[in-house]
Amino acid sequence: MNRLSNQIGYLVLKEDGAVLESGGELENDERRANIFQGLVNITENVDENFMPNSGCERISIVYEDHSYNICMSNRRIFIVKLRNTVSHVGIINNSNNGNVFSSSENGAAPTTTLLT
């Protein structure tokens with residue numbers, strides 16, 4: 001897997017949640033792999049009457065200082081943990097065009113974005 005400049009860690013999962021590859025802070029992190037797998041499963045079970053075409057391709061969870069970007073492709077689930085950067089005007093951003101989760105381990109509530 002290609003490394004991004006602000007990448008902190010990554011996981012690659014099979015559809016059933018089995019870890020195929022991992023690295024950085026997410027290396028061999030089966031607990032988080034199970035959480036991400038559960039999140040993906042939730043998106044697959046949304047009522048079609050509530051949200052037509054509900055299957056999503058990307059999920060972003062954004063915290064203050066880092067984010068998680070989950071992407072489904074080729075029967076695999078790719079999860080990347082990225083460090084957010086603070087610009088000179090104090091705006092928190094990431095270098096992946098908004099396709100990221102940002103989080104702070106200090107208990108701050110994340111913002112979750114589902115992108116279809």
# chains A, B, ... in the order shown; residues from 1 in each chain; ligands from 1
>>> select_by_dssp(residues="region 27-78 of chain A", states="strand (DSSP E or B)", output="list in words")
Arg58, Ile59, Ser60, Ile61, Val62, His66, Ser67, Tyr68, Asn69, Ile70, Cys71, Met72, Ser73, Arg76, Ile77 and Phe78 of chain A
>>> write_last_selection(atoms="N, CA, C and O atoms", output="PDB file, in the first residue's frame")
ATOM      1  N   ARG A  58     -17.276   5.277   0.593  1.00  0.00           N
ATOM      2  CA  ARG A  58     -16.296   5.825   1.526  1.00  0.00           C
ATOM      3  C   ARG A  58     -16.986   6.263   2.804  1.00  0.00           C
ATOM      4  O   ARG A  58     -18.103   6.757   2.777  1.00  0.00           O
ATOM      5  N   ILE A  59     -16.288   6.112   3.900  1.00  0.00           N
ATOM      6  CA  ILE A  59     -16.757   6.593   5.193  1.00  0.00           C
ATOM      7  C   ILE A  59     -15.598   7.378   5.810  1.00  0.00           C
ATOM      8  O   ILE A  59     -14.472   6.895   5.816  1.00  0.00           O
ATOM      9  N   SER A  60     -15.893   8.554   6.314  1.00  0.00           N
ATOM     10  CA  SER A  60     -14.872   9.363   6.976  1.00  0.00           C
ATOM     11  C   SER A  60     -15.306   9.647   8.407  1.00  0.00           C
ATOM     12  O   SER A  60     -16.443  10.023   8.635  1.00  0.00           O
ATOM     13  N   ILE A  61     -14.388   9.475   9.347  1.00  0.00           N
ATOM     14  CA  ILE A  61     -14.613   9.812  10.755  1.00  0.00           C
ATOM     15  C   ILE A  61     -13.547  10.841  11.101  1.00  0.00           C
ATOM     16  O   ILE A  61     -12.363  10.548  11.026  1.00  0.00           O
ATOM     17  N   VAL A  62     -13.983  12.033  11.473  1.00  0.00           N
ATOM     18  CA  VAL A  62     -13.051  13.139  11.653  1.00  0.00           C
ATOM     19  C   VAL A  62     -13.015  13.570  13.120  1.00  0.00           C
ATOM     20  O   VAL A  62     -14.041  13.891  13.692  1.00  0.00           O
ATOM     21  N   HIS A  66      -6.677  13.888  14.020  1.00  0.00           N
ATOM     22  CA  HIS A  66      -6.484  12.858  13.009  1.00  0.00           C
ATOM     23  C   HIS A  66      -7.833  12.382  12.492  1.00  0.00           C
ATOM     24  O   HIS A  66      -8.872  12.783  13.008  1.00  0.00           O
ATOM     25  N   SER A  67      -7.776  11.561  11.466  1.00  0.00           N
ATOM     26  CA  SER A  67      -9.014  11.070  10.879  1.00  0.00           C
ATOM     27  C   SER A  67      -8.816   9.655  10.360  1.00  0.00           C
ATOM     28  O   SER A  67      -7.690   9.192  10.191  1.00  0.00           O
ATOM     29  N   TYR A  68      -9.945   8.975  10.146  1.00  0.00           N
ATOM     30  CA  TYR A  68      -9.950   7.650   9.545  1.00  0.00           C
ATOM     31  C   TYR A  68     -10.716   7.746   8.239  1.00  0.00           C
ATOM     32  O   TYR A  68     -11.789   8.343   8.189  1.00  0.00           O
ATOM     33  N   ASN A  69     -10.167   7.162   7.188  1.00  0.00           N
ATOM     34  CA  ASN A  69     -10.820   7.124   5.896  1.00  0.00           C
ATOM     35  C   ASN A  69     -11.013   5.655   5.544  1.00  0.00           C
ATOM     36  O   ASN A  69     -10.042   4.911   5.483  1.00  0.00           O
ATOM     37  N   ILE A  70     -12.254   5.249   5.354  1.00  0.00           N
ATOM     38  CA  ILE A  70     -12.567   3.860   5.024  1.00  0.00           C
ATOM     39  C   ILE A  70     -13.095   3.840   3.602  1.00  0.00           C
ATOM     40  O   ILE A  70     -13.990   4.594   3.253  1.00  0.00           O
ATOM     41  N   CYS A  71     -12.537   2.947   2.815  1.00  0.00           N
ATOM     42  CA  CYS A  71     -12.918   2.848   1.409  1.00  0.00           C
ATOM     43  C   CYS A  71     -13.101   1.372   1.065  1.00  0.00           C
ATOM     44  O   CYS A  71     -12.288   0.530   1.468  1.00  0.00           O
ATOM     45  N   MET A  72     -14.183   1.049   0.372  1.00  0.00           N
ATOM     46  CA  MET A  72     -14.436  -0.310  -0.052  1.00  0.00           C
ATOM     47  C   MET A  72     -14.112  -0.428  -1.532  1.00  0.00           C
ATOM     48  O   MET A  72     -14.581   0.379  -2.336  1.00  0.00           O
ATOM     49  N   SER A  73     -13.299  -1.424  -1.895  1.00  0.00           N
ATOM     50  CA  SER A  73     -12.936  -1.629  -3.284  1.00  0.00           C
ATOM     51  C   SER A  73     -12.451  -3.059  -3.480  1.00  0.00           C
ATOM     52  O   SER A  73     -11.704  -3.581  -2.647  1.00  0.00           O
ATOM     53  N   ARG A  76     -12.461  -5.637  -0.758  1.00  0.00           N
ATOM     54  CA  ARG A  76     -11.548  -5.334   0.344  1.00  0.00           C
ATOM     55  C   ARG A  76     -12.004  -4.041   1.013  1.00  0.00           C
ATOM     56  O   ARG A  76     -12.635  -3.189   0.399  1.00  0.00           O
ATOM     57  N   ILE A  77     -11.651  -3.895   2.288  1.00  0.00           N
ATOM     58  CA  ILE A  77     -11.933  -2.674   3.036  1.00  0.00           C
ATOM     59  C   ILE A  77     -10.583  -2.063   3.395  1.00  0.00           C
ATOM     60  O   ILE A  77      -9.753  -2.698   4.045  1.00  0.00           O
ATOM     61  N   PHE A  78     -10.359  -0.839   2.937  1.00  0.00           N
ATOM     62  CA  PHE A  78      -9.106  -0.135   3.178  1.00  0.00           C
ATOM     63  C   PHE A  78      -9.361   0.962   4.200  1.00  0.00           C
ATOM     64  O   PHE A  78     -10.261   1.777   4.026  1.00  0.00           O
TER      65      PHE A  78
END
>>> residues_around(residues="Leu26 (chain A)", least_positions_apart="2", cutoff="12 Å", atoms="only C-alpha atoms", output="ChimeraX atom specification")
/A:7-13,19,21-24,28-33,36,68,78-82
>>> residues_around(residues="Gln37 (chain A)", least_positions_apart="3", cutoff="6 Å", atoms="only C-alpha atoms", output="PyMOL selection string")
chain A and resi 17+34+40
>>> write_last_selection(atoms="all heavy atoms", output="PDB file, in the first residue's frame")
ATOM      1  N   GLY A  17     -13.899  -9.164   7.507  1.00  0.00           N
ATOM      2  CA  GLY A  17     -13.224  -8.463   8.596  1.00  0.00           C
ATOM      3  C   GLY A  17     -11.846  -8.983   8.933  1.00  0.00           C
ATOM      4  O   GLY A  17     -11.158  -8.410   9.779  1.00  0.00           O
ATOM      5  N   ASN A  34     -12.447  -4.784  13.890  1.00  0.00           N
ATOM      6  CA  ASN A  34     -13.820  -5.227  14.166  1.00  0.00           C
ATOM      7  C   ASN A  34     -14.786  -4.043  14.231  1.00  0.00           C
ATOM      8  O   ASN A  34     -15.927  -4.134  13.759  1.00  0.00           O
ATOM      9  CB  ASN A  34     -13.882  -6.027  15.466  1.00  0.00           C
ATOM     10  CG  ASN A  34     -13.240  -7.384  15.327  1.00  0.00           C
ATOM     11  OD1 ASN A  34     -13.214  -7.972  14.262  1.00  0.00           O
ATOM     12  ND2 ASN A  34     -12.682  -7.875  16.428  1.00  0.00           N
ATOM     13  N   VAL A  40     -19.040  -0.625   8.576  1.00  0.00           N
ATOM     14  CA  VAL A  40     -19.338  -0.934   7.175  1.00  0.00           C
ATOM     15  C   VAL A  40     -20.615  -1.763   7.077  1.00  0.00           C
ATOM     16  O   VAL A  40     -21.461  -1.510   6.219  1.00  0.00           O
ATOM     17  CB  VAL A  40     -18.143  -1.653   6.506  1.00  0.00           C
ATOM     18  CG1 VAL A  40     -18.524  -2.212   5.145  1.00  0.00           C
ATOM     19  CG2 VAL A  40     -16.954  -0.708   6.387  1.00  0.00           C
TER      20      VAL A  40
END
